[in-house]
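model17.txt, holding compact mmCIF, C-alpha atoms and all ligand atoms:
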```txt
# COMPACT_ATOMS: atom_id res chain seq x y z
CA MET A 1 -11.91 31.32 -60.32
CA SER A 2 -13.02 34.74 -61.45
CA SER A 3 -16.07 35.40 -63.54
CA THR A 4 -13.91 36.41 -66.50
CA THR A 5 -12.35 32.96 -66.78
CA ALA A 6 -15.51 31.13 -65.87
CA PRO A 7 -16.80 28.61 -68.38
CA ARG A 8 -20.36 29.09 -69.43
CA ASP A 9 -21.61 25.70 -70.58
CA GLY A 10 -23.01 24.52 -67.27
CA LEU A 11 -24.65 27.84 -66.61
CA ARG A 12 -26.29 27.84 -70.02
CA ARG A 13 -28.14 24.75 -68.96
CA VAL A 14 -30.50 26.84 -66.90
CA LYS A 15 -31.27 29.26 -69.71
CA SER A 16 -34.97 29.95 -69.69
CA ALA A 17 -35.78 27.74 -72.66
CA LYS A 18 -34.75 24.73 -70.63
CA ILE A 19 -36.25 25.71 -67.34
CA LYS A 20 -39.61 24.13 -68.07
CA GLN A 21 -37.95 20.87 -69.17
CA LEU A 22 -35.61 20.76 -66.21
CA ALA A 23 -38.12 21.60 -63.53
CA PRO A 24 -39.98 18.25 -63.48
CA ARG A 25 -36.69 16.33 -63.60
CA VAL A 26 -35.21 18.24 -60.70
CA PHE A 27 -38.39 17.83 -58.72
CA SER A 28 -39.10 14.16 -59.34
CA GLU A 29 -35.70 12.51 -59.80
CA THR A 30 -33.20 14.48 -57.83
CA PRO A 31 -34.85 15.63 -54.63
CA LEU A 32 -32.34 17.48 -52.48
CA THR A 33 -31.63 15.49 -49.37
CA GLY A 34 -30.34 17.91 -46.79
CA HIS A 35 -31.83 18.89 -43.47
CA GLY A 36 -33.94 21.57 -41.89
CA PRO A 37 -37.43 22.61 -42.71
CA ARG A 38 -37.47 21.47 -46.34
CA ASN A 39 -39.72 18.46 -45.80
CA THR A 40 -42.57 20.32 -44.20
CA LEU A 41 -44.21 21.14 -47.51
CA GLU A 42 -44.03 17.52 -48.64
CA ILE A 43 -46.41 16.38 -45.91
CA ALA A 44 -48.65 19.44 -45.95
CA VAL A 45 -51.45 20.00 -48.45
CA PRO A 46 -50.53 23.31 -50.03
CA SER A 47 -53.20 26.00 -49.96
CA ALA A 48 -54.03 28.07 -53.05
CA GLU A 49 -52.13 30.94 -51.42
CA HIS A 50 -49.04 28.77 -51.02
CA LEU A 51 -49.24 27.53 -54.58
CA HIS A 52 -49.47 31.13 -55.77
CA LEU A 53 -46.43 32.11 -53.73
CA GLN A 54 -44.54 29.05 -54.98
CA SER A 55 -45.27 30.04 -58.55
CA GLN A 56 -44.15 33.62 -57.85
CA VAL A 57 -40.87 32.29 -56.43
CA HIS A 58 -40.31 30.22 -59.58
CA GLN A 59 -41.07 33.24 -61.76
CA VAL A 60 -38.54 35.51 -60.07
CA LEU A 61 -35.95 32.73 -60.13
CA ASN A 62 -36.58 32.32 -63.86
CA GLN A 63 -35.85 36.03 -64.25
CA SER A 64 -32.62 35.66 -62.28
CA ALA A 65 -31.57 32.68 -64.41
CA GLU A 66 -32.12 34.65 -67.59
CA LEU A 67 -29.48 37.14 -66.46
CA ILE A 68 -26.76 34.49 -66.82
CA GLN A 69 -26.70 34.98 -70.57
CA ALA A 70 -28.12 38.47 -70.74
CA LYS A 71 -25.73 40.15 -68.30
CA GLY A 72 -23.19 37.60 -67.11
CA HIS A 73 -22.51 35.56 -64.01
CA SER A 74 -21.70 38.40 -61.67
CA GLU A 75 -24.96 40.22 -62.38
CA PHE A 76 -26.85 36.94 -62.09
CA PHE A 77 -25.38 36.07 -58.71
CA ARG A 78 -25.95 39.55 -57.29
CA ASN A 79 -29.52 39.49 -58.57
CA LEU A 80 -30.13 36.03 -57.13
CA GLY A 81 -28.94 37.19 -53.70
CA ASP A 82 -31.12 40.31 -53.90
CA THR A 83 -34.09 38.27 -55.11
CA LEU A 84 -33.79 35.87 -52.20
CA SER A 85 -33.47 38.81 -49.78
CA THR A 86 -36.61 40.39 -51.20
CA LEU A 87 -38.46 37.10 -50.93
CA LYS A 88 -37.31 36.63 -47.34
CA SER A 89 -38.22 40.11 -46.24
CA GLY A 90 -41.70 39.75 -47.77
CA VAL A 91 -42.79 36.74 -45.71
CA ASP A 92 -42.76 35.58 -42.11
CA GLN A 93 -40.27 32.96 -40.91
CA GLU A 94 -42.79 30.13 -41.11
CA THR A 95 -43.71 30.93 -44.72
CA TRP A 96 -40.06 31.32 -45.61
CA ASN A 97 -39.28 27.88 -44.15
CA THR A 98 -42.29 25.98 -45.43
CA VAL A 99 -43.07 27.58 -48.77
CA VAL A 100 -40.33 29.83 -50.14
CA VAL A 101 -37.29 27.68 -49.28
CA PRO A 102 -38.85 24.47 -50.67
CA ALA A 103 -39.87 26.39 -53.80
CA THR A 104 -36.28 27.57 -54.34
CA ARG A 105 -35.09 23.98 -54.03
CA GLU A 106 -37.65 22.70 -56.55
CA HIS A 107 -36.56 25.25 -59.12
CA PRO A 108 -33.87 24.10 -61.60
CA LEU A 109 -31.46 26.77 -60.41
CA ALA A 110 -31.06 24.64 -57.25
CA ALA A 111 -29.40 21.88 -59.28
CA LEU A 112 -26.90 24.39 -60.62
CA MET A 113 -26.20 25.80 -57.15
CA GLN A 114 -25.58 22.26 -55.86
CA GLU A 115 -22.73 21.93 -58.35
CA CYS A 116 -20.87 24.55 -56.32
CA PRO A 117 -18.59 22.61 -53.92
CA LEU A 118 -19.23 25.03 -51.05
CA THR A 119 -23.01 24.97 -51.45
CA LYS A 120 -23.06 21.19 -51.90
CA HIS A 121 -20.80 20.50 -48.92
CA SER A 122 -22.98 22.62 -46.69
CA PHE A 123 -26.22 21.12 -48.00
CA THR A 124 -25.16 17.47 -47.85
CA ARG A 125 -23.34 17.69 -44.48
CA PRO A 126 -20.81 14.91 -45.13
CA ARG A 127 -19.89 14.70 -41.44
CA GLY A 128 -23.53 14.66 -40.38
CA TYR A 129 -23.69 18.13 -38.84
CA PRO A 130 -23.71 21.66 -40.25
CA GLY A 131 -20.65 23.90 -40.51
CA ASP A 132 -17.93 21.28 -40.30
CA ALA A 133 -14.25 22.09 -40.61
CA GLY A 134 -14.20 20.81 -44.21
CA LEU A 135 -16.68 23.52 -45.11
CA LEU A 136 -14.42 26.09 -43.46
CA ASP A 137 -11.49 24.78 -45.52
CA LEU A 138 -13.46 25.56 -48.68
CA ILE A 139 -14.14 29.07 -47.38
CA TYR A 140 -10.48 29.50 -46.41
CA ARG A 141 -9.55 28.25 -49.91
CA HIS A 142 -7.21 25.96 -48.04
CA ASP A 143 -4.93 23.61 -50.02
CA SER A 144 -6.67 20.59 -48.51
CA ALA A 145 -9.93 21.64 -50.20
CA GLN A 146 -8.32 22.10 -53.60
CA ALA A 147 -9.16 18.59 -54.85
CA GLN A 148 -12.79 19.07 -53.87
CA VAL A 149 -12.94 22.27 -55.91
CA GLU A 150 -11.12 20.76 -58.86
CA GLY A 151 -13.39 17.72 -58.77
CA SER A 152 -16.45 19.93 -59.27
CA THR A 153 -18.02 20.67 -62.63
CA GLU A 154 -17.01 23.79 -64.52
CA ALA A 155 -20.38 25.30 -63.70
CA GLY A 156 -19.87 24.44 -60.03
CA ARG A 157 -16.48 26.10 -59.98
CA THR A 158 -17.99 29.17 -61.59
CA VAL A 159 -20.66 29.42 -58.91
CA PHE A 160 -17.98 28.79 -56.25
CA GLY A 161 -16.13 31.80 -57.66
CA PHE A 162 -19.03 33.87 -56.34
CA THR A 163 -20.16 32.00 -53.24
CA ALA A 164 -16.63 31.91 -51.78
CA GLU A 165 -16.11 35.61 -52.42
CA VAL A 166 -19.13 37.05 -50.61
CA SER A 167 -18.56 39.29 -47.59
CA ALA A 168 -19.57 36.60 -45.12
CA CYS A 169 -16.82 34.29 -46.43
CA GLU A 170 -14.31 37.13 -46.39
CA ALA A 171 -15.33 37.74 -42.77
CA VAL A 172 -14.61 34.09 -41.94
CA ARG A 173 -11.15 34.44 -43.52
CA GLN A 174 -10.60 37.61 -41.48
CA ARG A 175 -11.73 35.76 -38.37
CA ARG A 176 -9.01 33.17 -38.94
CA LYS A 177 -6.40 35.97 -39.14
CA CYS A 178 -7.86 37.65 -36.08
CA LEU A 179 -7.46 34.43 -34.06
CA ALA A 180 -3.85 34.04 -35.19
CA GLN A 181 -3.14 37.66 -34.22
CA LYS A 182 -4.67 37.08 -30.79
CA ILE A 183 -2.53 33.99 -30.25
CA ASP A 184 0.55 36.04 -31.19
CA GLN A 185 -0.43 38.99 -29.01
CA VAL A 186 -0.98 36.85 -25.91
CA ALA A 187 2.20 34.82 -26.55
CA ARG A 188 4.20 38.06 -26.67
CA GLU A 189 2.51 39.57 -23.61
CA ARG A 190 2.76 36.42 -21.50
CA PRO A 191 5.82 34.30 -22.35
CA GLY A 192 5.08 30.56 -22.28
CA ALA A 193 1.36 31.34 -22.46
CA GLU A 194 -1.17 28.51 -22.17
CA MET A 195 -4.07 28.56 -24.62
CA LEU A 196 -7.33 26.74 -25.20
CA ALA A 197 -9.23 26.64 -28.52
CA VAL A 198 -12.85 25.48 -28.18
CA ALA A 199 -14.56 23.95 -31.26
CA CYS A 200 -11.23 24.33 -33.04
CA GLY A 201 -12.18 22.52 -36.27
CA HIS A 202 -8.95 22.07 -38.22
CA LEU A 203 -7.26 24.87 -36.23
CA ARG A 204 -6.22 26.60 -39.47
CA GLU A 205 -5.26 29.77 -37.57
CA ALA A 206 -2.26 27.79 -36.25
CA GLU A 207 -0.70 28.00 -39.73
CA LEU A 208 -0.84 31.82 -39.53
CA SER A 209 0.58 32.22 -36.03
CA ARG A 210 4.21 33.30 -35.92
CA GLU A 211 4.61 32.83 -32.18
CA LEU A 212 3.28 29.27 -32.24
CA LYS A 213 5.85 28.37 -34.91
CA LEU A 214 8.61 30.09 -32.94
CA GLY A 215 7.81 27.94 -29.91
CA HIS A 216 6.66 30.88 -27.80
CA VAL A 217 3.42 29.22 -26.69
CA GLY A 218 3.88 26.97 -23.66
CA ARG A 219 0.76 24.84 -24.09
CA PHE A 220 -1.98 24.85 -26.68
CA VAL A 221 -5.03 22.63 -26.06
CA ALA A 222 -7.18 22.26 -29.18
CA THR A 223 -10.65 20.83 -28.49
CA ASP A 224 -13.57 19.83 -30.67
CA GLN A 225 -16.43 17.37 -30.51
CA ASP A 226 -15.38 15.87 -33.87
CA PRO A 227 -12.48 13.38 -33.72
CA ALA A 228 -12.02 13.65 -37.51
CA SER A 229 -11.11 17.31 -37.07
CA LEU A 230 -8.75 16.55 -34.22
CA ASP A 231 -6.91 14.02 -36.42
CA VAL A 232 -6.11 16.90 -38.77
CA VAL A 233 -5.00 19.12 -35.87
CA GLU A 234 -2.64 16.38 -34.60
CA ILE A 235 -0.47 16.97 -37.67
CA TYR A 236 0.23 20.52 -36.47
CA ALA A 237 1.85 19.11 -33.32
CA GLY A 238 4.64 17.98 -35.66
CA SER A 239 4.62 20.72 -38.27
CA VAL A 240 3.70 23.90 -36.34
CA SER A 241 4.36 23.46 -32.62
CA SER A 242 4.88 20.58 -30.22
CA ALA A 243 2.88 22.67 -27.71
CA ILE A 244 -0.31 21.65 -29.56
CA GLU A 245 -2.30 18.82 -28.03
CA THR A 246 -5.84 17.71 -28.80
CA ARG A 247 -8.77 16.78 -26.59
CA LYS A 248 -12.18 15.56 -27.75
CA LEU A 249 -14.46 17.83 -25.76
CA SER A 250 -17.95 19.12 -26.49
CA VAL A 251 -19.79 22.17 -25.23
CA ARG A 252 -21.55 19.85 -22.81
CA ASP A 253 -18.19 18.77 -21.35
CA PHE A 254 -17.30 22.40 -20.71
CA ILE A 255 -20.70 23.10 -19.16
CA THR A 256 -20.43 20.11 -16.84
CA ALA A 257 -16.71 20.88 -16.29
CA LYS A 258 -15.70 17.28 -17.05
CA HIS A 259 -12.30 18.03 -18.48
CA GLY A 260 -9.77 18.81 -15.75
CA LEU A 261 -8.45 21.84 -17.65
CA ASN A 262 -7.61 25.18 -16.05
CA GLY A 263 -5.18 28.08 -15.93
CA PHE A 264 -5.21 29.55 -19.44
CA ASP A 265 -3.88 32.88 -20.68
CA LEU A 266 -6.13 32.72 -23.73
CA VAL A 267 -9.37 30.84 -24.36
CA TYR A 268 -11.27 31.37 -27.62
CA ALA A 269 -14.12 29.99 -29.70
CA ALA A 270 -15.03 30.92 -33.29
CA GLY A 271 -17.78 29.35 -35.38
CA LEU A 272 -19.47 27.88 -32.31
CA TYR A 273 -21.64 30.50 -30.62
CA ASP A 274 -23.64 30.93 -33.87
CA TYR A 275 -25.24 27.56 -33.01
CA LEU A 276 -25.89 28.14 -29.29
CA ASP A 277 -29.04 29.71 -27.90
CA ASP A 278 -28.67 32.74 -25.61
CA ARG A 279 -28.88 30.76 -22.38
CA LEU A 280 -26.31 28.17 -23.40
CA ALA A 281 -24.05 30.89 -24.82
CA ALA A 282 -24.06 32.76 -21.51
CA ARG A 283 -23.51 29.57 -19.52
CA LEU A 284 -20.60 28.49 -21.71
CA THR A 285 -19.05 31.96 -21.50
CA ARG A 286 -19.10 31.81 -17.72
CA LYS A 287 -17.54 28.34 -17.75
CA LEU A 288 -14.80 29.27 -20.24
CA PHE A 289 -14.06 32.52 -18.39
CA SER A 290 -13.53 30.52 -15.18
CA LEU A 291 -10.68 28.63 -16.88
CA LEU A 292 -8.60 31.80 -17.24
CA LYS A 293 -5.68 32.89 -15.09
CA PRO A 294 -5.91 36.45 -13.71
CA GLY A 295 -5.22 38.73 -16.69
CA GLY A 296 -6.18 35.96 -19.12
CA ARG A 297 -8.38 36.70 -22.13
CA LEU A 298 -11.54 35.06 -23.46
CA LEU A 299 -12.42 35.80 -27.10
CA VAL A 300 -15.67 34.63 -28.72
CA ALA A 301 -17.20 35.48 -32.09
CA ASN A 302 -20.70 35.45 -33.55
CA PHE A 303 -22.21 36.37 -36.90
CA LEU A 304 -24.12 39.66 -36.89
CA ASN A 305 -27.68 40.44 -37.97
CA GLY A 306 -28.32 41.75 -41.46
CA ILE A 307 -26.04 39.48 -43.50
CA TRP A 308 -26.89 39.77 -47.22
CA GLU A 309 -25.92 36.13 -47.77
CA LEU A 310 -28.33 34.74 -45.16
CA PRO A 311 -31.22 33.85 -47.54
CA TYR A 312 -28.82 32.06 -49.93
CA MET A 313 -27.26 30.18 -47.01
CA GLU A 314 -30.65 29.01 -45.75
CA ALA A 315 -32.21 28.26 -49.12
CA TYR A 316 -29.38 26.58 -51.00
CA MET A 317 -26.84 25.63 -48.31
CA ASP A 318 -29.32 24.63 -45.60
CA TRP A 319 -27.01 26.48 -43.21
CA HIS A 320 -28.90 28.06 -40.35
CA LEU A 321 -27.00 30.22 -37.89
CA LEU A 322 -28.07 32.34 -34.94
CA TYR A 323 -27.31 35.90 -36.00
CA ARG A 324 -26.97 38.47 -33.23
CA SER A 325 -26.70 42.16 -32.42
CA GLU A 326 -23.83 43.75 -30.49
CA ALA A 327 -26.06 43.86 -27.40
CA GLN A 328 -26.82 40.15 -27.71
CA ILE A 329 -23.13 39.32 -28.09
CA ARG A 330 -22.22 41.47 -25.09
CA ALA A 331 -24.93 39.61 -23.17
CA PHE A 332 -22.81 36.43 -23.41
CA ALA A 333 -21.01 37.87 -20.35
CA GLY A 334 -24.30 38.18 -18.44
CA GLU A 335 -23.64 35.31 -16.02
CA ILE A 336 -20.18 36.54 -14.99
CA SER A 337 -19.87 38.69 -11.90
CA GLU A 338 -18.70 42.20 -12.90
CA VAL A 339 -16.02 42.24 -10.24
CA ASP A 340 -14.31 39.31 -11.96
CA ILE A 341 -14.00 41.18 -15.28
CA ALA A 342 -11.02 43.54 -15.63
CA SER A 343 -12.14 44.77 -19.06
CA THR A 344 -14.65 44.09 -21.82
CA SER A 345 -14.20 44.99 -25.47
CA TYR A 346 -16.31 44.48 -28.53
CA PHE A 347 -15.26 44.82 -32.16
CA GLU A 348 -16.39 43.84 -35.66
CA ASP A 349 -14.71 42.95 -38.94
CA ASP A 350 -14.53 45.49 -41.77
CA ALA A 351 -17.80 44.40 -43.39
CA ALA A 352 -19.66 44.15 -40.06
CA CYS A 353 -20.37 40.45 -40.59
CA VAL A 354 -18.85 39.07 -37.38
CA GLY A 355 -18.89 40.57 -33.88
CA TYR A 356 -16.20 39.71 -31.31
CA LEU A 357 -16.43 39.90 -27.54
CA GLU A 358 -13.21 39.93 -25.53
CA LEU A 359 -13.20 39.66 -21.75
CA VAL A 360 -10.12 39.98 -19.56
CA ARG A 361 -10.21 38.32 -16.16
CA ALA A 362 -9.47 40.46 -13.11
C1 LIG B 401 -17.69 26.33 -38.21
S1 LIG B 401 -16.53 25.19 -37.52
C2 LIG B 401 -15.35 26.32 -36.87
C3 LIG B 401 -14.00 25.69 -36.75
C4 LIG B 401 -12.89 26.65 -36.33
N1 LIG B 401 -13.13 27.20 -35.02
C5 LIG B 401 -12.74 27.75 -37.35
O1 LIG B 401 -13.07 28.91 -37.03
O2 LIG B 401 -12.28 27.46 -38.45
C6 LIG B 401 -17.45 24.68 -36.12
C7 LIG B 401 -16.77 23.62 -35.28
O3 LIG B 401 -17.53 23.50 -34.07
C8 LIG B 401 -17.52 22.16 -33.68
N2 LIG B 401 -18.69 21.97 -32.82
C9 LIG B 401 -19.97 22.06 -33.17
N3 LIG B 401 -20.76 21.80 -32.12
C10 LIG B 401 -19.94 21.56 -31.08
C11 LIG B 401 -20.14 21.22 -29.73
N4 LIG B 401 -21.37 21.10 -29.24
N5 LIG B 401 -19.07 21.01 -28.94
C12 LIG B 401 -17.81 21.16 -29.42
N6 LIG B 401 -17.56 21.45 -30.71
C13 LIG B 401 -18.60 21.66 -31.52
C14 LIG B 401 -17.60 21.40 -34.97
O4 LIG B 401 -17.15 20.07 -34.79
C15 LIG B 401 -16.72 22.24 -35.88
O5 LIG B 401 -15.40 21.76 -35.90
```
Could you render the structure as structure tokens?
Ligand SMILES: C[S@@+](CC[C@H](N)C(=O)[O-])C[C@H]1O[C@@H](n2cnc3c(N)ncnc32)[C@H](O)[C@@H]1O
Amino acid sequence: MSSTTAPRDGLRRVKSAKIKQLAPRVFSETPLTGHGPRNTLEIAVPSAEHLHLQSQVHQVLNQSAELIQAKGHSEFFRNLGDTLSTLKSGVDQETWNTVVVPATREHPLAALMQECPLTKHSFTRPRGYPGDAGLLDLIYRHDSAQAQVEGSTEAGRTVFGFTAEVSACEAVRQRRKCLAQKIDQVARERPGAEMLAVACGHLREAELSRELKLGHVGRFVATDQDPASLDVVEIYAGSVSSAIETRKLSVRDFITAKHGLNGFDLVYAAGLYDYLDDRLAARLTRKLFSLLKPGGRLLVANFLNGIWELPYMEAYMDWHLLYRSEAQIRAFAGEISEVDIASTSYFEDDAACVGYLELVRA
């Protein structure tokens, strides 16, 4: 939904006149129950310095909220993102986690943000872990997420009109296309190609792949740790390609090599490395690379440093990723012997939100 068609009633609820009335209600009756560092402040005795910072956070959020009526939703959302960025850059990580983030969640704007289906899904983690495939479906604006969007309040849909349109979400949609293009490229280069998707989620890229639908992929093994996601992927074995098969496999299974898989022309992982520390990322890369045939390709993606949306994601979505530089993404290949690599390439999406590392096996 665009801002021009967006209804205003829900957003008016946070107009400044009501902020003082709403604040105690939000704080005492509807505590947000997500994960991460939010509880730290609840058990700590706040210092005068912390209370001052908390009050400053509430003040700047009040100013953002006032923009809803004064300048419209678009201006409000941009200002909120900038305000959160300014707050984040002005404090250290510990203060951000223990003072600023809890303060944003105690402010009445948080209740409005939680009406957004994307923000709420991320914050409440319905499958018990962050970044599930249902969240990606909301970002993809996939048909299967339509009911969730339509079931939201008008205010929530208005906020979703902004949260789903930020560059980071556009980059995730581009990533899906990029994966489909890679599947098609490898299928054309290597007829009957065998492919492995790691942490495949709902494998939505399968819907965009021409070669999969044409039956030009010999074998496609879709793996994820979440059986609920694999149930969704199973449907594609009937509707997209009978080459698709699912296996419930976690990163740990790949590290310990307990899977019996081998001989792939393409192995890829998107939306996974952002959760793995450097050591595990390098170890997994080596293990996945070893599953390739000579000339086979490994493609992995990771969010880049400097994302404007990061403070919103941490504060309101409780979504914490490991953001990296090009050098850090290239370092994923650090455990692979150079003689085994025929070529290495690195590229980014248009908005420089996601970095991709592609390795070809010698
Ligand atoms: C953000 S989603 C990405 C899904 C899909 N690759 C995409 O790009 O749409 C992350 C996926 O990683 C899976 N995942 C998370 N931790 C994992 C682990 N340790 N082993 C295997 N899969 C994992 C989740 O179950 C989820 O489906």
Please put the answer as JSON: centre and edge lengths, in Å with one decimal, of a box along x, y and z that encloses all listed atoms of ligand LIG 401 (chain B) plus 6 Å on each side.
```
{"center_x": -16.8, "center_y": 24.5, "center_z": -33.7, "size_x": 21.1, "size_y": 20.8, "size_z": 21.5}
```
Environment of ligand LIG 401 (chain B) within 8 Å, counting all atoms listed in the file, reported as a PyMOL selection string = chain A and resi 129-133+135-137+172+175-176+197-205+223-226+229+249-253+269-272+275
ask   = Hey, which of A:Met113, A:Leu53, A:Thr98, A:Ala342 ends up closest to Tyr312 (chain A)? Count all atoms listed in the file.
value = A:Met113
ask   = Between CA of Leu292 (chain A) and CA of Ser343 (chain A), what is the distance, to one decimal in Å?
value =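 Atom-to-atom, CA of Leu292 (chain A) and CA of Ser343 (chain A) are spaced 13.6 Å apart.
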request  = Would you work out the distance separating CA of Glu335 (chain A) from CA of Arg283 (chain A), expressed in Å to one decimal?
outcome  =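 A separation of 6.7 Å between them.
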task = List every protein, DNA or RNA residue that has at least one atom no more than 9 Å from (-41.7, 23.7, -56.3) in the file's coordinates, counting only C-alpha atoms, and write the result as a ChimeraX atom specification.
result = /A:23,27,51,54-55,57-58,99-100,102-107
inquiry  = Give me, as a PyMOL selection string, all polymer residues having an atom no more than 9 Å from Gly215 (chain A), counting all atoms listed in the file and skipping those fewer than 3 positions away in the same chain.
reply    = chain A and resi 192+210-212+218+240-243
Could you write those residues out with C-alpha atoms, as a compact mmCIF listing (two decimals), in the frame of the given file?
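That gives us again-v5.txt:
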```txt
# COMPACT_ATOMS: atom_id res chain seq x y z
CA GLY A 192 5.08 30.56 -22.28
CA ARG A 210 4.21 33.30 -35.92
CA GLU A 211 4.61 32.83 -32.18
CA LEU A 212 3.28 29.27 -32.24
CA GLY A 218 3.88 26.97 -23.66
CA VAL A 240 3.70 23.90 -36.34
CA SER A 241 4.36 23.46 -32.62
CA SER A 242 4.88 20.58 -30.22
CA ALA A 243 2.88 22.67 -27.71
```
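Between Trp319 (chain A) and the candidates A:Phe347, A:Arg247, A:Ala222, A:Asp274, the tightest atom-to-atom separation, counting only C-alpha atoms, involves A:Asp274.
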inquiry  = So that I can check the surroundings of Ala351 (chain A), please list as number ranges by chain every protein, DNA and RNA residue that reaches within 9 Å of it, counting only C-alpha atoms and ignoring chain neighbours fewer than 2 positions away.
reply    = A: 167-168, 170-171, 348-349, 353-354
query = Could you state the separation of CA of Gly161 (chain A) and CA of Leu61 (chain A) in Å, given to one decimal place?
reply = 20.0 Å
query = Smallest atom-to-atom distance to His259 (chain A): which of A:Cys169, A:Ala301, A:Ala155, A:Leu288, using all atoms listed in the file?
reply = A:Leu288
task = Please identify all polymer residues lying at most 7 Å from the point (-12.6, 37.9, -28.3) (file coordinates), using only C-alpha atoms, and present the result as a list in words.
result =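 Within 7 Å of (-12.6, 37.9, -28.3), the protein and nucleic acid residues are Tyr268, Leu298, Leu299, Val300, Ala301, Tyr356, Leu357, Glu358 and Leu359 of chain A.
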Would you mind exporting C-alpha atoms of the selected residues as a JSON list (two decimals), in the frame of the given file?
```json
[["chain", "number", "residue", "atom", "x", "y", "z"],
["A", 268, "TYR", "CA", -11.27, 31.37, -27.62],
["A", 298, "LEU", "CA", -11.54, 35.06, -23.46],
["A", 299, "LEU", "CA", -12.42, 35.80, -27.10],
["A", 300, "VAL", "CA", -15.67, 34.63, -28.72],
["A", 301, "ALA", "CA", -17.20, 35.48, -32.09],
["A", 356, "TYR", "CA", -16.20, 39.71, -31.31],
["A", 357, "LEU", "CA", -16.43, 39.90, -27.54],
["A", 358, "GLU", "CA", -13.21, 39.93, -25.53],
["A", 359, "LEU", "CA", -13.20, 39.66, -21.75]]
```
inquiry  = Could you check the closest approach to Asp143 (chain A) for each of A:Glu207, A:Asp231, A:Gly296, A:Leu276 and tell me which residue wins, using all atoms listed in the file?
reply    =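 Closest to Asp143 (chain A) of all the choices is A:Glu207.
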inquiry  = I'd like the contact shell of Tyr323 (chain A) - 10 Å cut-off, all atoms listed in the file, skipping same-chain residues fewer than 6 positions apart - returned as a list of chain:residue names.
reply    =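 Near neighbours after the sequence-gap exclusion: A:Tyr273, A:Asp274, A:Tyr275, A:Asn302, A:Phe303, A:Leu304, A:Asn305, A:Gly306, A:Ile307, A:Leu310, A:Ile329, A:Cys353, A:Val354, A:Gly355.
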Mind checking which residues fall within 12 Å of Ala333 (chain A), counting only C-alpha atoms, ignoring those fewer than 3 positions away in the same chain, and posting them as a compact mmCIF listing (two decimals) with C-alpha atoms, in the frame of the given file?
```
# COMPACT_ATOMS: atom_id res chain seq x y z
CA ASP A 278 -28.67 32.74 -25.61
CA ARG A 279 -28.88 30.76 -22.38
CA LEU A 280 -26.31 28.17 -23.40
CA ALA A 281 -24.05 30.89 -24.82
CA ALA A 282 -24.06 32.76 -21.51
CA ARG A 283 -23.51 29.57 -19.52
CA LEU A 284 -20.60 28.49 -21.71
CA THR A 285 -19.05 31.96 -21.50
CA ARG A 286 -19.10 31.81 -17.72
CA LYS A 287 -17.54 28.34 -17.75
CA LEU A 288 -14.80 29.27 -20.24
CA PHE A 289 -14.06 32.52 -18.39
CA SER A 290 -13.53 30.52 -15.18
CA LEU A 298 -11.54 35.06 -23.46
CA LEU A 299 -12.42 35.80 -27.10
CA VAL A 300 -15.67 34.63 -28.72
CA ALA A 327 -26.06 43.86 -27.40
CA GLN A 328 -26.82 40.15 -27.71
CA ILE A 329 -23.13 39.32 -28.09
CA ARG A 330 -22.22 41.47 -25.09
CA ILE A 336 -20.18 36.54 -14.99
CA SER A 337 -19.87 38.69 -11.90
CA GLU A 338 -18.70 42.20 -12.90
CA ASP A 340 -14.31 39.31 -11.96
CA ILE A 341 -14.00 41.18 -15.28
CA SER A 343 -12.14 44.77 -19.06
CA THR A 344 -14.65 44.09 -21.82
CA SER A 345 -14.20 44.99 -25.47
CA TYR A 346 -16.31 44.48 -28.53
CA LEU A 357 -16.43 39.90 -27.54
CA GLU A 358 -13.21 39.93 -25.53
CA LEU A 359 -13.20 39.66 -21.75
CA VAL A 360 -10.12 39.98 -19.56
CA ARG A 361 -10.21 38.32 -16.16
```
